[in-house]
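Colleague: Sending over a structure as structure tokens; questions will come in a sec.
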Amino acid sequence: MMQKRWKPLLLVALLLLPLLQGCGTAEGGIAVRELNQLNVVMLTGVDYDPKHKKFIITIQSVKPSREKGAAVKPESVYTARATGDTIMEASKNLRAQTSGKLVWFYSRVIIFGETLVKQHVMREVIDFFARNREIRYSSWVLISKGAAEDIVTAQPNSEVMMGYELVGIINNQGEWGRTVVVSQRDLINNYANPYIGFVTGQVKKIKGKDKKDKIIIEDAVVLNSFNPRDPIYNNVLDKKDVRALRMFQKFSKQEPEFVYSVLLDKKSERKFDTAVQIKIDNRKIKSVIENGRPKIMIDLFVQGTILESGAHVDIGKENTVIELERRIQNKIVGDMKKLLAKMQKEKVDIFEFSSIIHRQHKKYWREHKQHWREIYPNIPVHISIHWTNLRSGMINQAKAGEAR
Amino acid sequence: MKRVIGMGEFKKPKRAKNLHEIEREKGQEQEQPDEDVLKNRPLEKIGIDPITSVNVERLKVIFKDVDVFVPHLLTFPNAREDDAAQVPEGVVLFLDDLVNETVVDLHIIRPLLKMGPESFFEHVEDQVITAKKIIPVDNLKTAVEMITAGCTVVHVEHMTQALAVVTPGYPTRSVSEPEAEPLVRGPREGFTETLQGNTALIRKRLRTPELKSEMIKIGQRSQTMVCFMYMRELVTEDVLDAVRQRLQRVNVDILLESAQLEELIEDSVYSPFPQILSTERPDKVASALAEGRVAIIIDGTPFVLIVPSVFYDFMQASEDFYQRFYFSTAIRILRMMTFLIALLGPSFYIAITTFHQELIPTPLLLTVISARAGVPFPALIEALIMEISFEVLREAGVRLPRPVGSAVSIVGALVVGQAVVEAGIISQSMVIVVAFTGIASFTVPSFNMSMSTRLLRFPMMLIAAGFGLFGIAIALVALGIHMCSMRTFGVPYMSPIAPMHGRTWGSEIFVLPYPMRKWRQEYLQKKDLKRSAVPANPPQQQGGDR
């Protein structure tokens with residue numbers, strides 16, 4: 001008897017289901033959002049106005065219209081700006097200006113303004129982005145030189161909207177190794193660790209030759225979270241520094257390929273005559289405690305390809321190859337040591353030595369972690385490079401003009 | 001000297017009693033008018049009267065107003081000369097539209113009229129009538145049944161039994177290619193509407209006395225002959241008993257199609273899934289019999305039922321076994337996917353576009369949004385409109401006469417495919433989803449399985465619109481529980497997946513090359529698991545080429 005009674009009930013429940021639409025809320029629960037009501041935020045910029053103590057949020061969103069061909073047209077992209085005492089208030093104030101429902105799922109890039117970083121309000125900003133369930137942890141975080149608003153509202157170089165443009169540039173830069181961009185997830189994790197500093201890409205507006213504004217991502221900004229009360233904005237790493245930094249650590253799934261140019265033929269009149277593309281196969285970082293002091297040993301396993309050589313030497317010869325390897329090696333180690341010295345002077349551990357020591361020498365770390373600021377600047381680092389392969393490219397040339 | 005006539009067992013009719021006795025018996029019964037006799041006593045209790053005219057009168061009452069009923073009275077000119085007063089009479093009874101006139105004329109009436117005085121009484125069946133099959137009839141009920149089944153009933157005076165000669169002559173369709181299950185490679189014969197022809201098509205593929213068949217009559221009024229066939233050595237006794245019992249229990253007025261019988265004997269009538277496979281292909285039935293299944297053949301329909309059938313049987317086409325195994329396996333996997341698409345396509349679309357937009361890749365989302373811009377309905381209503389119009393078009397295409405049907409599909413494609421989108425009532429993406437889902441549902445080889453997926457799609461859509469992907473997940477779990485708990489003729493419906501019978505997967509779920517398909521269906525077999533016909537190791541070729 002009981003068995004039979006639930007079946008009609010189930011039927012009634014099924015029939016009532018369509019009425020359930022619209023149940024649920026935007027914060028938690030199930031919310032119905034029809035696609036054509038969506039206003040998709042593609043790019044977010046956050047600034048801080050220290051004079052009025054207000055946050056400024058600038059978004060670039062897209063509301064695709066019903067047209068044939070491309071889904072996104074310049075007319076369907078627009079930017080909005082709102083201010084508020086807190087970021088949440090500012091973002092809610094945005095709704096006064098938009099017709100659709102703003103969704104942040106697709107905001108792949110978040111730009112923090114320079115003022116924001118310098119004015120010690122990063123804590124609140126990071127908290128907002130970590131707490132909000134619509135923000136993707138995989139979105140990229142960039143620091144702008146100047147106001148983030150200027151970047152968001154700028155005219156993109158090649159794409160329809162700035163959001164696409166920045167994602168494209170970040171993807172290219174990740175391979176090329178001229179900058180480092182952290183994701184939202186890494187930003188939150190790094191920020192929570194009081195012993196390390198970290199870097200992220202800097203986005204800036206420059207004037208091109210044709211007097212037009214261009215947006216580029218170049219160099220990297222060092223953020224220091226040694227102590228949350230300390231200034232977090234430290235300084236900027238240039239291209240060379242970033243290249244050295246990427247030797248220390250793996251930032252992206254794919255290791256970037258660097259080009260090193262050296263002078264191989266001493267008689268040459270040129271500054272450099274041989275270009276080699278270097279890629280890191282593997283790296284081993286070990287820490288040892290010697291006489292109560294930590295020491296870091298870095299072993300890099302690299303492979304290279306000679307891409308260009310104007311040198312009048314026989315690259316096929318073993319001695320030449322060894323010489324070439326030695327020169328590149330010196331250059332890499334020199335760059336790395338330079339960056340290390342700079343960072344040790346600034347007392348910013350962007351190489352994550354603290355976590356290496358923490359992992360490999362737990363006891364030492366427990367006893368000494370409160371003195372890390374004093375220990376870090378004096379840590380000796382030993383770098384050695386091992387060549388796994390050095391290819392000579394497609395041709396096997398002895399001397400220019402003398403093909404064998 | 002005894003001769004076996006025809007195929008049926010034959011019992012010699014009793015020699016007539018002498019005329020005195022007959023007179024006496026007649027005297028007892030004669031007072032009762034025929035109609036009263038027929039009213040008061042059940043037909044099976046009324047025997048065949050030795051006097052032909054009595055039988056004829058009684059049958060005339062029974063077949064009153066049946067204008068095709070022909071009682072053809074015969075008098076025998078060469079009857080014994082010494083007893084001229086008693087010219088013996090005989091009668092040939094049949095329904096004019098059901099019998100083959102030539103057979104009746106050449107093999108019954110002419111020999112009877114020619115028969116000599118010596119062979120008069122005792123040799124009617126084995127020396128006079130030259131038809132193939134003769135069945136003795138000893139009561140009125142059987143006589144009536146025989147006449148309605150297309151037999152010719154012969155009675156000659158003084159016999160206490162009548163003879164039913166099988167002379168069917170009703171129109172039948174010839175064997176042709178089954179239209180519902182076409183294939184590229186494989187036999188092109190299909191079943192027809194005659195039971196005898198259908199069993200013959202099966203028997204000619206399995207030439208062994210092991211192939212047994214049992215007949216049963218179902219339907220109070222239709223008296224439909226139902227035959228079930230099985231392989232003695234391969235069938236499980238439980239399944240056979242279940243089939244026999246369920247068929248015997250069936251009590252209906254008329255039985256016209258196998259679908260009626262299907263509903264009467266299946267385990268879960270309320271389940272949305274079909275549990276008995278029906279096919280028009282004799283090769284499919286033969287292979288099912290060789291796996292130890294039982295085939296139920298119903299007179300009057302070309303669709304033969306195969307029991308027990310599990311879920312995966314509905315995903316098989318007989319062509320899978322006639323093509324290269326790589327191709328067949330790929331097609332089987334594709335069919336599983338299209339089954340899921342047919343079931344879940346629109347509901348996934350609804351769930352993702354209304355609740356889980358973050359799951360769509362950015363460029364696709366923007367495209368879908370631009371397609372949906374300006375559409376006045378929520379996704380669910382949009383999907384319902386499209387699905388219902390799709391079903392309307394499909395149904396109209398099936399029901400209309402063929403030349404008109406194509407016109408409907410052209411109009412439908414124009415209206416549904418283009419005008420609706422251009423008017424901005426339905427988004428293009430929804431048209432794509434519905435059209436693809438519709439086509440996907442047609443790849444399910446069994447028509448009734450594809451119907452049930454099409455029907456289940458609607459509750460799925462409602463659930464998706466109410467609860468999103470969580471709802472779909474819960475509905476799928478519920479469906480899974482239902483399917484796993486179902487049994488058909490004692491066999492779990494989801495075998496060989498649940499319970500697991502890995503050895504059977506080679507032919508049931510995928511198609512392995514023939515030498516590797518050594519095992520019969522484990523859920524059907526207990527004893528003879530290994531296919532004896534397949535050698536364990538294919539014979540190696542000896543020596544080199546010459």
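Going by the structure tokens order, chains are called A, B, ..., each with residues numbered from 1, while ligands are numbered from 1 in the order shown.
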Run DSSP on the backbone of this structure and report the residues of stretch 124-261 of chain A it assigns to strand (DSSP E), as a ChimeraX atom specification.
Modeller: /A:140-144,182-183,197-207,213-224,233-237,257-261
Colleague: Which residues come within 8 Å of stretch 497-502 of chain B, counting only C-alpha atoms, excluding same-chain residues fewer than 3 positions away, as a PyMOL selection string?
Modeller: chain B and resi 484+492+494+505-506+522-523
Colleague: Residues of stretch 230-299 of chain A within 12 Å of stretch 163-182 of chain A: nearest atom pair and distance (Å, one decimal) for each, counting only C-alpha atoms, sorted by chain and number, as a Markdown table?
Modeller:
```
| residue | atom | partner | partner_atom | distance |
| --- | --- | --- | --- | --- |
| A:Val236 | CA | A:Thr179 | CA | 11.0 |
| A:Leu237 | CA | A:Thr179 | CA | 8.9 |
| A:Asp238 | CA | A:Arg178 | CA | 8.5 |
| A:Lys239 | CA | A:Arg178 | CA | 5.4 |
| A:Lys240 | CA | A:Arg178 | CA | 7.7 |
| A:Asp241 | CA | A:Arg178 | CA | 8.9 |
| A:Val242 | CA | A:Thr179 | CA | 5.8 |
| A:Arg243 | CA | A:Gly177 | CA | 6.1 |
| A:Ala244 | CA | A:Gly177 | CA | 9.5 |
| A:Leu245 | CA | A:Val180 | CA | 9.0 |
| A:Arg246 | CA | A:Gly177 | CA | 7.1 |
| A:Met247 | CA | A:Gly177 | CA | 9.8 |
| A:Gln249 | CA | A:Val180 | CA | 10.7 |
| A:Lys250 | CA | A:Val180 | CA | 10.2 |
| A:Phe251 | CA | A:Val180 | CA | 7.2 |
| A:Ser252 | CA | A:Gly174 | CA | 6.7 |
| A:Lys253 | CA | A:Gly174 | CA | 9.3 |
| A:Gln254 | CA | A:Glu175 | CA | 7.1 |
| A:Glu255 | CA | A:Glu175 | CA | 7.1 |
| A:Pro256 | CA | A:Glu175 | CA | 4.7 |
| A:Glu257 | CA | A:Trp176 | CA | 6.2 |
| A:Phe258 | CA | A:Gly177 | CA | 6.9 |
| A:Val259 | CA | A:Trp176 | CA | 9.4 |
| A:Gln277 | CA | A:Trp176 | CA | 11.2 |
| A:Ile278 | CA | A:Gly177 | CA | 11.3 |
| A:Lys279 | CA | A:Gly177 | CA | 10.6 |
| A:Ile280 | CA | A:Gly177 | CA | 11.9 |
```
Colleague: With N, CA and C atoms retained, export the selected residues as a CSV table (one decimal), in the first residue's frame.
Modeller:
```csv
chain,number,residue,atom,x,y,z
A,236,VAL,N,60.7,47.0,-9.3
A,236,VAL,CA,60.3,46.3,-10.6
A,236,VAL,C,61.5,45.6,-11.1
A,237,LEU,N,61.3,44.4,-11.6
A,237,LEU,CA,62.4,43.6,-12.2
A,237,LEU,C,62.3,43.8,-13.7
A,238,ASP,N,63.5,44.0,-14.3
A,238,ASP,CA,63.4,44.2,-15.8
A,238,ASP,C,63.5,42.9,-16.5
A,239,LYS,N,63.6,42.9,-17.8
A,239,LYS,CA,63.5,41.7,-18.6
A,239,LYS,C,64.6,40.7,-18.2
A,240,LYS,N,65.8,41.2,-18.0
A,240,LYS,CA,66.9,40.3,-17.7
A,240,LYS,C,66.7,39.6,-16.4
A,241,ASP,N,66.2,40.4,-15.4
A,241,ASP,CA,65.9,39.9,-14.1
A,241,ASP,C,64.9,38.8,-14.1
A,242,VAL,N,63.8,39.1,-14.9
A,242,VAL,CA,62.8,38.1,-15.0
A,242,VAL,C,63.3,36.8,-15.6
A,243,ARG,N,64.2,36.9,-16.6
A,243,ARG,CA,64.7,35.7,-17.2
A,243,ARG,C,65.5,34.9,-16.2
A,244,ALA,N,66.3,35.6,-15.4
A,244,ALA,CA,67.1,34.9,-14.4
A,244,ALA,C,66.1,34.3,-13.3
A,245,LEU,N,65.1,35.0,-13.0
A,245,LEU,CA,64.1,34.5,-12.0
A,245,LEU,C,63.5,33.2,-12.5
A,246,ARG,N,63.3,33.1,-13.8
A,246,ARG,CA,62.6,31.9,-14.3
A,246,ARG,C,63.6,30.8,-14.4
A,247,MET,N,64.9,31.0,-14.2
A,247,MET,CA,65.8,29.9,-14.1
A,247,MET,C,65.7,29.3,-12.7
A,249,GLN,N,63.0,29.2,-10.8
A,249,GLN,CA,61.7,28.6,-10.4
A,249,GLN,C,60.9,28.2,-11.7
A,250,LYS,N,60.1,27.3,-11.5
A,250,LYS,CA,59.2,26.9,-12.7
A,250,LYS,C,57.8,27.7,-12.4
A,251,PHE,N,57.5,28.5,-13.3
A,251,PHE,CA,56.3,29.3,-13.2
A,251,PHE,C,55.1,28.8,-14.0
A,252,SER,N,55.4,28.3,-15.2
A,252,SER,CA,54.3,27.8,-16.0
A,252,SER,C,54.6,26.3,-16.3
A,253,LYS,N,53.5,25.7,-16.8
A,253,LYS,CA,53.6,24.2,-17.1
A,253,LYS,C,54.8,24.0,-18.1
A,254,GLN,N,54.9,24.9,-19.0
A,254,GLN,CA,55.9,24.7,-20.1
A,254,GLN,C,57.0,25.7,-19.7
A,255,GLU,N,58.2,25.1,-19.7
A,255,GLU,CA,59.4,26.0,-19.4
A,255,GLU,C,59.6,26.9,-20.6
A,256,PRO,N,59.9,28.2,-20.3
A,256,PRO,CA,60.1,29.1,-21.5
A,256,PRO,C,61.5,28.8,-22.1
A,257,GLU,N,61.6,29.3,-23.4
A,257,GLU,CA,62.9,29.1,-24.1
A,257,GLU,C,63.5,30.5,-24.1
A,258,PHE,N,64.8,30.5,-23.6
A,258,PHE,CA,65.5,31.8,-23.6
A,258,PHE,C,66.5,31.8,-24.7
A,259,VAL,N,66.8,32.9,-25.2
A,259,VAL,CA,67.9,33.0,-26.2
A,259,VAL,C,69.1,33.8,-25.5
A,277,GLN,N,69.5,28.9,-28.1
A,277,GLN,CA,68.2,28.8,-27.4
A,277,GLN,C,68.3,27.8,-26.3
A,278,ILE,N,68.0,28.3,-25.1
A,278,ILE,CA,68.2,27.4,-23.9
A,278,ILE,C,66.8,27.0,-23.4
A,279,LYS,N,66.7,25.8,-23.0
A,279,LYS,CA,65.5,25.4,-22.3
A,279,LYS,C,65.9,24.5,-21.1
A,280,ILE,N,65.2,24.7,-20.0
A,280,ILE,CA,65.5,23.9,-18.8
A,280,ILE,C,64.8,22.6,-18.8
```
Colleague: Between atom CA of B:Lys217 and atom CA of B:Asp97, what distance in Å does the model show, to one decimal?
Modeller: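 Going from atom CA of B:Lys217 over to atom CA of B:Asp97 covers 21.9 Å.
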Colleague: Any chance you could list, as a count of residues only, the residues in stretch 22-234 of chain A that come up alpha helix (DSSP H) when DSSP is run on the backbone?
Modeller: 51
Colleague: Given a cut-off of 9 Å, which residues of chain B touch chain A, counting only C-alpha atoms, written out as a PDB file with N, CA and C atoms, in the first residue's frame?
Modeller:
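Final output, result_22.pdb:
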```pdb
ATOM      1  N   THR B 353      22.875  26.227 -19.548  1.00  0.00           N
ATOM      2  CA  THR B 353      22.647  27.624 -19.890  1.00  0.00           C
ATOM      3  C   THR B 353      21.863  28.381 -18.832  1.00  0.00           C
ATOM      4  N   THR B 354      21.120  27.690 -17.974  1.00  0.00           N
ATOM      5  CA  THR B 354      20.385  28.457 -16.976  1.00  0.00           C
ATOM      6  C   THR B 354      21.071  28.464 -15.615  1.00  0.00           C
ATOM      7  N   PHE B 355      21.860  27.446 -15.327  1.00  0.00           N
ATOM      8  CA  PHE B 355      22.448  27.405 -13.979  1.00  0.00           C
ATOM      9  C   PHE B 355      23.960  27.436 -13.963  1.00  0.00           C
ATOM     10  N   HIS B 356      24.583  26.807 -14.937  1.00  0.00           N
ATOM     11  CA  HIS B 356      26.023  26.601 -14.822  1.00  0.00           C
ATOM     12  C   HIS B 356      26.755  27.242 -15.994  1.00  0.00           C
ATOM     13  N   GLN B 357      26.520  28.536 -16.192  1.00  0.00           N
ATOM     14  CA  GLN B 357      27.141  29.191 -17.345  1.00  0.00           C
ATOM     15  C   GLN B 357      28.658  29.148 -17.265  1.00  0.00           C
ATOM     16  N   GLU B 358      29.179  29.007 -16.039  1.00  0.00           N
ATOM     17  CA  GLU B 358      30.636  29.036 -15.894  1.00  0.00           C
ATOM     18  C   GLU B 358      31.285  27.803 -16.531  1.00  0.00           C
ATOM     19  N   PRO B 361      33.000  27.297 -22.239  1.00  0.00           N
ATOM     20  CA  PRO B 361      34.186  28.080 -22.602  1.00  0.00           C
ATOM     21  C   PRO B 361      33.777  29.471 -23.088  1.00  0.00           C
ATOM     22  N   THR B 362      34.619  30.460 -22.807  1.00  0.00           N
ATOM     23  CA  THR B 362      34.231  31.852 -23.061  1.00  0.00           C
ATOM     24  C   THR B 362      33.734  32.127 -24.486  1.00  0.00           C
ATOM     25  N   PRO B 363      34.510  31.757 -25.514  1.00  0.00           N
ATOM     26  CA  PRO B 363      34.029  32.112 -26.866  1.00  0.00           C
ATOM     27  C   PRO B 363      32.689  31.456 -27.185  1.00  0.00           C
ATOM     28  N   LEU B 365      30.382  30.646 -24.995  1.00  0.00           N
ATOM     29  CA  LEU B 365      29.348  31.351 -24.229  1.00  0.00           C
ATOM     30  C   LEU B 365      28.903  32.606 -24.969  1.00  0.00           C
ATOM     31  N   LEU B 366      29.889  33.351 -25.461  1.00  0.00           N
ATOM     32  CA  LEU B 366      29.543  34.601 -26.137  1.00  0.00           C
ATOM     33  C   LEU B 366      28.725  34.312 -27.402  1.00  0.00           C
ATOM     34  N   THR B 367      29.104  33.245 -28.110  1.00  0.00           N
ATOM     35  CA  THR B 367      28.344  32.888 -29.305  1.00  0.00           C
ATOM     36  C   THR B 367      26.916  32.501 -28.947  1.00  0.00           C
ATOM     37  N   VAL B 368      26.800  31.677 -27.884  1.00  0.00           N
ATOM     38  CA  VAL B 368      25.466  31.218 -27.492  1.00  0.00           C
ATOM     39  C   VAL B 368      24.626  32.405 -27.024  1.00  0.00           C
ATOM     40  N   ILE B 369      25.258  33.307 -26.261  1.00  0.00           N
ATOM     41  CA  ILE B 369      24.501  34.472 -25.790  1.00  0.00           C
ATOM     42  C   ILE B 369      24.010  35.287 -26.974  1.00  0.00           C
ATOM     43  N   SER B 370      24.899  35.485 -27.956  1.00  0.00           N
ATOM     44  CA  SER B 370      24.480  36.315 -29.091  1.00  0.00           C
ATOM     45  C   SER B 370      23.370  35.620 -29.859  1.00  0.00           C
ATOM     46  N   ALA B 371      23.397  34.250 -29.875  1.00  0.00           N
ATOM     47  CA  ALA B 371      22.318  33.539 -30.563  1.00  0.00           C
ATOM     48  C   ALA B 371      21.013  33.681 -29.791  1.00  0.00           C
ATOM     49  N   ARG B 372      21.135  33.775 -28.477  1.00  0.00           N
ATOM     50  CA  ARG B 372      19.944  33.805 -27.655  1.00  0.00           C
ATOM     51  C   ARG B 372      19.422  35.215 -27.391  1.00  0.00           C
ATOM     52  N   ALA B 373      20.193  36.220 -27.824  1.00  0.00           N
ATOM     53  CA  ALA B 373      19.776  37.597 -27.553  1.00  0.00           C
ATOM     54  C   ALA B 373      18.435  37.862 -28.221  1.00  0.00           C
ATOM     55  N   GLY B 374      17.516  38.392 -27.468  1.00  0.00           N
ATOM     56  CA  GLY B 374      16.215  38.746 -28.034  1.00  0.00           C
ATOM     57  C   GLY B 374      15.216  37.618 -28.074  1.00  0.00           C
ATOM     58  N   VAL B 375      15.600  36.411 -27.654  1.00  0.00           N
ATOM     59  CA  VAL B 375      14.638  35.309 -27.626  1.00  0.00           C
ATOM     60  C   VAL B 375      13.712  35.516 -26.436  1.00  0.00           C
ATOM     61  N   PRO B 378      12.266  31.578 -21.785  1.00  0.00           N
ATOM     62  CA  PRO B 378      13.357  30.910 -21.080  1.00  0.00           C
ATOM     63  C   PRO B 378      13.738  29.618 -21.801  1.00  0.00           C
ATOM     64  N   ALA B 379      14.921  29.117 -21.481  1.00  0.00           N
ATOM     65  CA  ALA B 379      15.449  27.969 -22.221  1.00  0.00           C
ATOM     66  C   ALA B 379      14.504  26.773 -22.189  1.00  0.00           C
ATOM     67  N   LEU B 380      13.840  26.548 -21.039  1.00  0.00           N
ATOM     68  CA  LEU B 380      12.967  25.371 -20.930  1.00  0.00           C
ATOM     69  C   LEU B 380      11.811  25.459 -21.918  1.00  0.00           C
ATOM     70  N   PRO B 459      10.553  14.498 -19.012  1.00  0.00           N
ATOM     71  CA  PRO B 459      10.784  14.676 -17.566  1.00  0.00           C
ATOM     72  C   PRO B 459      12.205  15.115 -17.255  1.00  0.00           C
ATOM     73  N   LEU B 462      12.385  18.815 -17.595  1.00  0.00           N
ATOM     74  CA  LEU B 462      11.738  19.510 -16.468  1.00  0.00           C
ATOM     75  C   LEU B 462      12.659  19.496 -15.257  1.00  0.00           C
ATOM     76  N   ILE B 463      13.269  18.341 -14.996  1.00  0.00           N
ATOM     77  CA  ILE B 463      14.155  18.237 -13.838  1.00  0.00           C
ATOM     78  C   ILE B 463      15.354  19.165 -14.020  1.00  0.00           C
ATOM     79  N   ALA B 465      15.485  21.883 -15.695  1.00  0.00           N
ATOM     80  CA  ALA B 465      15.094  23.287 -15.544  1.00  0.00           C
ATOM     81  C   ALA B 465      14.858  23.634 -14.081  1.00  0.00           C
ATOM     82  N   GLY B 466      14.526  22.647 -13.270  1.00  0.00           N
ATOM     83  CA  GLY B 466      14.275  22.911 -11.859  1.00  0.00           C
ATOM     84  C   GLY B 466      15.520  22.836 -11.009  1.00  0.00           C
ATOM     85  N   PHE B 467      16.393  21.875 -11.283  1.00  0.00           N
ATOM     86  CA  PHE B 467      17.519  21.623 -10.386  1.00  0.00           C
ATOM     87  C   PHE B 467      18.877  21.634 -11.059  1.00  0.00           C
ATOM     88  N   GLY B 468      18.929  21.893 -12.331  1.00  0.00           N
ATOM     89  CA  GLY B 468      20.231  21.948 -12.985  1.00  0.00           C
ATOM     90  C   GLY B 468      20.897  20.592 -13.065  1.00  0.00           C
TER      91      GLY B 468
END
```
Colleague: Pick from A:Ile188, A:Met161, A:Val141, A:Ile285: nearest to A:Ser355, with only C-alpha atoms counted?
Modeller: A:Ile285
